[in-house]
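Chemist: Sharing a structure below in structure tokens format, with a few things to ask.
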Amino acid sequence: MSQGQPRRPQAEQEAMTYGDIFQVSGELASKPVAPRDAAAAQAAESIVLGQTQKGGPAAVMQSAADMNVRRGVLGPDDVTDATREHGVSISQDDVGGHRVITESVAGEVVGRYAVAGEEEPAAPPLSALNPISMTIGQALESVALSAGDKAVDESDAAAIQAVESRATGRNQVIPGGVASEAQSAAKHNARTMAEDRKIKLRDVLAGASSKLPDDRAVTKEDADAALGAEIRNKADMSTHPGGVAASMAAAARLNQQQQ
């Protein structure tokens, strides 16, 4: 038994931390890079820049997180407390005709780079390059990246219905819409024991924009509606990291920053 006791400190020593891959200080520097952290960074880049940047902070975080999972330091659903509480943010400024992108994790800058106008990535519908146009549909699609492997449950379906209703202005669920699919998935999953047979968020939310007859930019009120619906339908009244409520809140913050 004594031989097994030192293993956890050894695993912690082998963890790839934020301080190993970025020039950060403080508490974040000693934190292992977690899979949910990387997923949140990928979602933020996809929303704001139209795609995940090759060799960018999100890609670097994903590589480090994958290594930590392979080493057994972290599980595939782990998230750091700092990221859970403070999130991932992206801001942009116009400097000499170039967009200067700044990416931060828990308030610590992990990347800053310039993108020339002609090199800007192609924008998805309604131009996610302009955070003011970050829509409810696009924010739902980002959940497929940040929490795509989560099985859909009642809290997810309720949050999706809440934001679909706010996007369309209709109180009823739209047949064949994203909320209808989420409700069907939640009912199926409640009757299904095997995890590999459950319907995941990525299955429901991929292409969410095309499933909304009307769409618009995310507001704080939309985020509040998603939060309320999600926690009301969870026994512990919590939200899922990178889930619908968290993604709506991130989208609303980014929209507000550009106003």
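Just remember, in the structure tokens the first chain shown is A, the second B, etc., residues are 1-based per chain, and ligands are 1-based in the order shown.
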May I have the residues within 8 Å of range 161-169 of chain A as a list in words, using only C-alpha atoms and disregarding those fewer than 3 positions away in the same chain?
Modeler: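 Everything that qualifies: Ile136, Ala157, Ala158, Gln172, Val173, Val178, Ala179, Ser180, Leu212, Pro213, Asp214, Asp215, Arg216, Asp222, Ala225, Ala226 and Ala229 of chain A.
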Chemist: Using only C-alpha atoms for the distances, tell me which of A:Asn233, A:Thr135, A:Thr102, A:Ser91 is nearest to Ala251 in chain A.
Modeler: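 Counting only C-alpha atoms, the residue closest to Ala251 in chain A is A:Thr135.
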Chemist: Please, what distance in Å, to one decimal, runs between CA of Ala34 in chain A and CA of Ile47 in chain A?
Modeler: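 CA of Ala34 in chain A sits 20.4 Å away from CA of Ile47 in chain A.
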Chemist: Any idea what the distance is between CA of Asp93 in chain A and CA of Glu141 in chain A?
Modeler: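 Here the two named atoms are 25.2 Å from each other.
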Chemist: Considering only C-alpha atoms, return as number ranges by chain whatever protein or nucleic-acid residues lie within 7 Å of Val244 in chain A, sequence-local ones (same chain, fewer than 5 positions apart) excluded.
Modeler: A: 140, 143, 156, 159-160, 226
Chemist: Quick one: pull the distance between CA of Val152 in chain A and CA of Asn189 in chain A, Å, one decimal.
Modeler: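 One can read the CA of Val152 in chain A to CA of Asn189 in chain A distance as 7.0 Å.
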